[in-house]
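A.B. asks: See final_19.cif below, with mmCIF, N, CA, C and O atoms.
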data_run
#
loop_
_atom_site.label_atom_id
_atom_site.label_comp_id
_atom_site.auth_asym_id
_atom_site.auth_seq_id
_atom_site.Cartn_x
_atom_site.Cartn_y
_atom_site.Cartn_z
N MET A 1 75.71 -125.54 170.48
CA MET A 1 77.07 -125.99 170.35
C MET A 1 77.33 -127.08 171.37
O MET A 1 77.82 -126.82 172.46
N VAL A 2 76.97 -128.30 171.00
CA VAL A 2 77.13 -129.43 171.90
C VAL A 2 77.99 -130.48 171.22
O VAL A 2 77.76 -130.83 170.07
N ASP A 3 78.95 -130.98 171.93
CA ASP A 3 79.77 -132.10 171.49
C ASP A 3 78.95 -133.35 171.77
O ASP A 3 78.83 -133.78 172.90
N THR A 4 78.34 -133.94 170.72
CA THR A 4 77.42 -135.06 170.92
C THR A 4 78.13 -136.33 171.38
O THR A 4 77.50 -137.20 171.94
N VAL A 5 79.41 -136.45 171.14
CA VAL A 5 80.15 -137.63 171.56
C VAL A 5 80.37 -137.60 173.07
O VAL A 5 80.12 -138.57 173.77
N ALA A 6 80.84 -136.49 173.59
CA ALA A 6 81.16 -136.38 175.00
C ALA A 6 80.01 -135.78 175.80
O ALA A 6 80.09 -135.73 177.02
N LEU A 7 78.94 -135.36 175.13
CA LEU A 7 77.80 -134.71 175.78
C LEU A 7 78.23 -133.57 176.69
O LEU A 7 77.88 -133.50 177.85
N LYS A 8 79.02 -132.69 176.13
CA LYS A 8 79.45 -131.50 176.85
C LYS A 8 79.27 -130.30 175.94
O LYS A 8 79.26 -130.43 174.73
N GLY A 9 79.09 -129.15 176.52
CA GLY A 9 78.90 -128.01 175.67
C GLY A 9 78.88 -126.67 176.38
O GLY A 9 78.84 -125.64 175.73
N VAL A 10 78.89 -126.66 177.71
CA VAL A 10 78.82 -125.39 178.43
C VAL A 10 80.01 -124.51 178.08
O VAL A 10 79.85 -123.31 177.81
N HIS A 11 81.20 -125.07 178.07
CA HIS A 11 82.38 -124.26 177.74
C HIS A 11 82.34 -123.77 176.30
O HIS A 11 82.83 -122.70 175.99
N HIS A 12 81.72 -124.54 175.41
CA HIS A 12 81.57 -124.09 174.03
C HIS A 12 80.65 -122.86 173.98
O HIS A 12 80.92 -121.91 173.25
N CYS A 13 79.58 -122.91 174.74
CA CYS A 13 78.64 -121.78 174.76
C CYS A 13 79.28 -120.53 175.34
O CYS A 13 79.08 -119.43 174.83
N ILE A 14 80.05 -120.70 176.39
CA ILE A 14 80.71 -119.55 177.01
C ILE A 14 81.71 -118.93 176.04
O ILE A 14 81.74 -117.71 175.84
N GLN A 15 82.52 -119.77 175.40
CA GLN A 15 83.52 -119.24 174.47
C GLN A 15 82.85 -118.59 173.27
O GLN A 15 83.29 -117.53 172.83
N SER A 16 81.79 -119.18 172.74
CA SER A 16 81.12 -118.57 171.59
C SER A 16 80.49 -117.24 171.96
O SER A 16 80.49 -116.30 171.17
N GLY A 17 79.98 -117.14 173.19
CA GLY A 17 79.43 -115.87 173.66
C GLY A 17 80.49 -114.79 173.79
O GLY A 17 80.26 -113.63 173.44
N MET A 18 81.66 -115.18 174.29
CA MET A 18 82.76 -114.21 174.41
C MET A 18 83.23 -113.75 173.03
O MET A 18 83.47 -112.55 172.82
N LEU A 19 83.32 -114.68 172.09
CA LEU A 19 83.74 -114.31 170.73
C LEU A 19 82.68 -113.44 170.06
O LEU A 19 83.02 -112.52 169.31
N ALA A 20 81.41 -113.71 170.33
CA ALA A 20 80.34 -112.89 169.77
C ALA A 20 80.41 -111.47 170.33
O ALA A 20 80.26 -110.49 169.58
N ALA A 21 80.65 -111.35 171.63
CA ALA A 21 80.76 -110.03 172.25
C ALA A 21 81.93 -109.24 171.65
O ALA A 21 81.80 -108.05 171.37
N GLU A 22 83.05 -109.92 171.45
CA GLU A 22 84.22 -109.26 170.86
C GLU A 22 83.92 -108.80 169.43
O GLU A 22 84.31 -107.71 169.02
N ALA A 23 83.21 -109.64 168.67
CA ALA A 23 82.88 -109.29 167.28
C ALA A 23 81.91 -108.12 167.24
O ALA A 23 82.06 -107.20 166.41
N ILE A 24 80.93 -108.10 168.13
CA ILE A 24 79.96 -107.00 168.17
C ILE A 24 80.65 -105.71 168.59
O ILE A 24 80.41 -104.65 168.01
N TYR A 25 81.53 -105.79 169.58
CA TYR A 25 82.26 -104.60 170.02
C TYR A 25 83.11 -104.03 168.88
O TYR A 25 83.10 -102.83 168.64
N ALA A 26 83.83 -104.89 168.19
CA ALA A 26 84.67 -104.43 167.07
C ALA A 26 83.81 -103.83 165.96
O ALA A 26 84.20 -102.83 165.34
N HIS A 27 82.63 -104.41 165.74
CA HIS A 27 81.73 -103.88 164.71
C HIS A 27 81.23 -102.49 165.10
O HIS A 27 81.19 -101.58 164.26
N LEU A 28 80.84 -102.32 166.34
CA LEU A 28 80.34 -101.02 166.78
C LEU A 28 81.45 -99.97 166.85
O LEU A 28 81.21 -98.79 166.60
N LYS A 29 82.65 -100.41 167.20
CA LYS A 29 83.77 -99.48 167.37
C LYS A 29 84.29 -98.96 166.03
O LYS A 29 84.45 -97.76 165.84
N ASP A 30 84.57 -99.89 165.11
CA ASP A 30 85.19 -99.45 163.85
C ASP A 30 84.56 -100.05 162.60
O ASP A 30 85.14 -99.99 161.53
N GLY A 31 83.38 -100.65 162.73
CA GLY A 31 82.68 -101.16 161.56
C GLY A 31 83.20 -102.48 161.01
O GLY A 31 82.93 -102.82 159.87
N THR A 32 83.96 -103.21 161.80
CA THR A 32 84.47 -104.52 161.37
C THR A 32 83.28 -105.42 161.02
O THR A 32 82.31 -105.48 161.76
N PRO A 33 83.32 -106.12 159.89
CA PRO A 33 82.19 -106.97 159.50
C PRO A 33 81.94 -108.08 160.54
O PRO A 33 82.87 -108.65 161.09
N LEU A 34 80.67 -108.36 160.77
CA LEU A 34 80.31 -109.40 161.73
C LEU A 34 80.64 -110.80 161.24
O LEU A 34 80.63 -111.75 162.02
N GLU A 35 80.94 -110.94 159.96
CA GLU A 35 81.31 -112.25 159.42
C GLU A 35 82.60 -112.77 160.05
O GLU A 35 82.89 -113.96 160.00
N LYS A 36 83.38 -111.89 160.64
CA LYS A 36 84.62 -112.32 161.29
C LYS A 36 84.33 -113.22 162.49
O LYS A 36 85.20 -113.96 162.93
N TYR A 37 83.11 -113.15 163.02
CA TYR A 37 82.72 -114.03 164.13
C TYR A 37 82.80 -115.50 163.70
O TYR A 37 83.29 -116.35 164.45
N GLU A 38 82.32 -115.80 162.50
CA GLU A 38 82.35 -117.18 162.02
C GLU A 38 83.78 -117.69 161.92
O GLU A 38 84.06 -118.84 162.30
N LYS A 39 84.69 -116.87 161.45
CA LYS A 39 86.10 -117.27 161.36
C LYS A 39 86.70 -117.44 162.76
O LYS A 39 87.46 -118.36 162.99
N ALA A 40 86.31 -116.56 163.67
CA ALA A 40 86.82 -116.65 165.04
C ALA A 40 86.36 -117.96 165.69
O ALA A 40 87.14 -118.61 166.38
N ILE A 41 85.13 -118.36 165.44
CA ILE A 41 84.63 -119.64 165.98
C ILE A 41 85.38 -120.80 165.34
O ILE A 41 85.82 -121.72 166.03
N ALA A 42 85.54 -120.77 164.04
CA ALA A 42 86.22 -121.86 163.33
C ALA A 42 87.67 -122.01 163.80
O ALA A 42 88.18 -123.13 163.90
N ASP A 43 88.33 -120.90 164.10
CA ASP A 43 89.73 -120.94 164.51
C ASP A 43 89.90 -121.23 166.01
O ASP A 43 91.02 -121.50 166.45
N SER A 44 88.84 -121.18 166.77
CA SER A 44 88.93 -121.38 168.22
C SER A 44 88.98 -122.87 168.56
O SER A 44 88.73 -123.73 167.71
N SER A 45 89.25 -123.15 169.82
CA SER A 45 89.26 -124.55 170.26
C SER A 45 87.86 -125.16 170.15
O SER A 45 87.71 -126.34 169.86
N THR A 46 86.84 -124.35 170.34
CA THR A 46 85.46 -124.83 170.19
C THR A 46 85.20 -125.29 168.76
O THR A 46 84.68 -126.38 168.54
N GLY A 47 85.58 -124.47 167.80
CA GLY A 47 85.39 -124.83 166.40
C GLY A 47 86.14 -126.08 166.02
O GLY A 47 85.63 -126.94 165.30
N LYS A 48 87.35 -126.21 166.51
CA LYS A 48 88.17 -127.38 166.19
C LYS A 48 87.60 -128.65 166.82
O LYS A 48 87.56 -129.71 166.18
N GLU A 49 87.13 -128.56 168.07
CA GLU A 49 86.55 -129.73 168.72
C GLU A 49 85.25 -130.15 168.04
O GLU A 49 85.01 -131.35 167.83
N LEU A 50 84.40 -129.18 167.70
CA LEU A 50 83.13 -129.52 167.07
C LEU A 50 83.31 -130.02 165.64
O LEU A 50 82.52 -130.83 165.16
N TRP A 51 84.34 -129.56 164.95
CA TRP A 51 84.61 -130.03 163.59
C TRP A 51 84.95 -131.52 163.60
O TRP A 51 84.53 -132.26 162.72
N GLU A 52 85.67 -131.96 164.62
CA GLU A 52 86.08 -133.37 164.70
C GLU A 52 84.88 -134.30 164.88
O GLU A 52 84.90 -135.44 164.43
N VAL A 53 83.83 -133.85 165.54
CA VAL A 53 82.68 -134.72 165.83
C VAL A 53 81.43 -134.29 165.07
O VAL A 53 80.31 -134.63 165.46
N ARG A 54 81.58 -133.60 163.96
CA ARG A 54 80.46 -132.99 163.26
C ARG A 54 79.44 -133.99 162.73
O ARG A 54 78.27 -133.68 162.64
N ASN A 55 79.81 -135.19 162.34
CA ASN A 55 78.87 -136.15 161.77
C ASN A 55 78.68 -137.38 162.65
O ASN A 55 78.18 -138.40 162.17
N THR A 56 79.03 -137.31 163.87
CA THR A 56 78.99 -138.48 164.74
C THR A 56 77.58 -138.92 165.07
O THR A 56 77.32 -140.10 165.17
N ARG A 57 76.68 -138.00 165.19
CA ARG A 57 75.34 -138.34 165.64
C ARG A 57 74.54 -139.09 164.59
O ARG A 57 73.66 -139.90 164.92
N GLN A 58 74.77 -138.85 163.32
CA GLN A 58 73.96 -139.45 162.26
C GLN A 58 73.87 -140.97 162.34
O GLN A 58 72.78 -141.51 162.24
N PRO A 59 74.96 -141.71 162.50
CA PRO A 59 74.82 -143.17 162.56
C PRO A 59 74.03 -143.65 163.77
O PRO A 59 73.41 -144.70 163.73
N PHE A 60 74.02 -142.87 164.84
CA PHE A 60 73.35 -143.29 166.06
C PHE A 60 71.86 -142.99 166.06
O PHE A 60 71.18 -143.30 167.03
N GLN A 61 71.31 -142.42 165.01
CA GLN A 61 69.88 -142.14 164.95
C GLN A 61 69.05 -143.41 164.86
O GLN A 61 67.90 -143.43 165.24
N LYS A 62 69.65 -144.51 164.40
CA LYS A 62 68.92 -145.77 164.30
C LYS A 62 69.06 -146.61 165.55
O LYS A 62 68.52 -147.70 165.63
N GLY A 63 69.79 -146.12 166.53
CA GLY A 63 69.98 -146.85 167.77
C GLY A 63 71.43 -147.22 167.98
O GLY A 63 72.21 -147.32 167.04
N PHE A 64 71.79 -147.44 169.22
CA PHE A 64 73.18 -147.69 169.58
C PHE A 64 73.68 -149.03 169.02
O PHE A 64 74.79 -149.12 168.50
N ILE A 65 72.87 -150.06 169.07
CA ILE A 65 73.29 -151.40 168.60
C ILE A 65 73.49 -151.38 167.08
O ILE A 65 74.52 -151.85 166.59
N LYS A 66 72.54 -150.84 166.36
CA LYS A 66 72.65 -150.80 164.89
C LYS A 66 73.83 -149.92 164.46
O LYS A 66 74.50 -150.23 163.48
N ALA A 67 74.08 -148.84 165.16
CA ALA A 67 75.17 -147.95 164.79
C ALA A 67 76.53 -148.62 165.01
O ALA A 67 77.47 -148.40 164.26
N GLY A 68 76.62 -149.45 166.01
CA GLY A 68 77.87 -150.15 166.29
C GLY A 68 78.22 -151.19 165.24
O GLY A 68 79.36 -151.54 165.03
N ARG A 69 77.20 -151.68 164.54
CA ARG A 69 77.42 -152.70 163.51
C ARG A 69 77.86 -152.11 162.19
O ARG A 69 78.42 -152.79 161.36
N SER A 70 77.57 -150.82 161.94
CA SER A 70 77.91 -150.24 160.63
C SER A 70 79.31 -149.73 160.56
O SER A 70 80.15 -149.86 161.29
#
Would you write the structure of this file as structure tokens?
C.D. replies:
Amino acid sequence: MVDTVALKGVHHCIQSGMLAAEAIYAHLKDGTPLEKYEKAIADSSTGKELWEVRNTRQPFQKGFIKAGRS
């Protein structure tokens, strides 16, 4: 979970780990489906930030100069 535009991701990893722990705990406690983790990530600030930059890296695979021209 890395924001390729800003090259940051530690806080994304920490938040996703916390959400995973909460989902696992709820699953063990009362059988809540683990699929709720995906929704929790999508609804979190991490999911929203990563959604905004989801396709940013693709144009830059050919190099910084060529990507700036397209």
A.B. asks: Please report the interatomic distance between atom CA of Pro33 of chain A and atom CA of Thr46 of chain A in Å with one decimal.
C.D. replies: 21.1 Å
A.B. asks: Written as a list in words, what is the full residue list that the PyMOL selection byres (((chain A and resi 41-45 and name CA) around 12) and name CA) yields on the file shown?
C.D. replies: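 Selected by the PyMOL selection byres (((chain A and resi 41-45 and name CA) around 12) and name CA) here: Met1, His11, His12, Cys13, Ile14, Gln15, Ser16, Gly17, Met18, Leu19, Ala20, Glu22, Ala23, Leu34, Glu35, Lys36, Tyr37, Glu38, Lys39, Ala40, Thr46, Gly47, Lys48, Glu49, Leu50, Trp51 and Glu52 of chain A.
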A.B. asks: Grab all the atoms of segment 21-39 of chain A that the file lists, wrap them in a box along x, y and z, add 5 Å per side, and give me centre plus edge lengths in Å (one decimal) as AutoDock Vina command-line options.
C.D. replies:
--center_x 83.7 --center_y -108.3 --center_z 165.8 --size_x 17.5 --size_y 31.1 --size_z 22.8
A.B. asks: What does the distance between atom C of Arg54 of chain A and atom O of Gly9 of chain A come to in Å, to one decimal place?
C.D. replies: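 One can read the atom C of Arg54 of chain A to atom O of Gly9 of chain A distance as 15.5 Å.
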A.B. asks: Enumerate as a ChimeraX atom specification all residues of segment 10-48 of chain A assigned to alpha helix (DSSP H) by DSSP on the backbone, naming them with the chain letters and numbers the document uses.
C.D. replies: /A:10-30,36-43,45-48
A.B. asks: Atom CA of Asp30 of chain A and atom O of Val10 of chain A are how many Å apart?
C.D. replies: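 Between atom CA of Asp30 of chain A and atom O of Val10 of chain A the gap works out to 28.2 Å.
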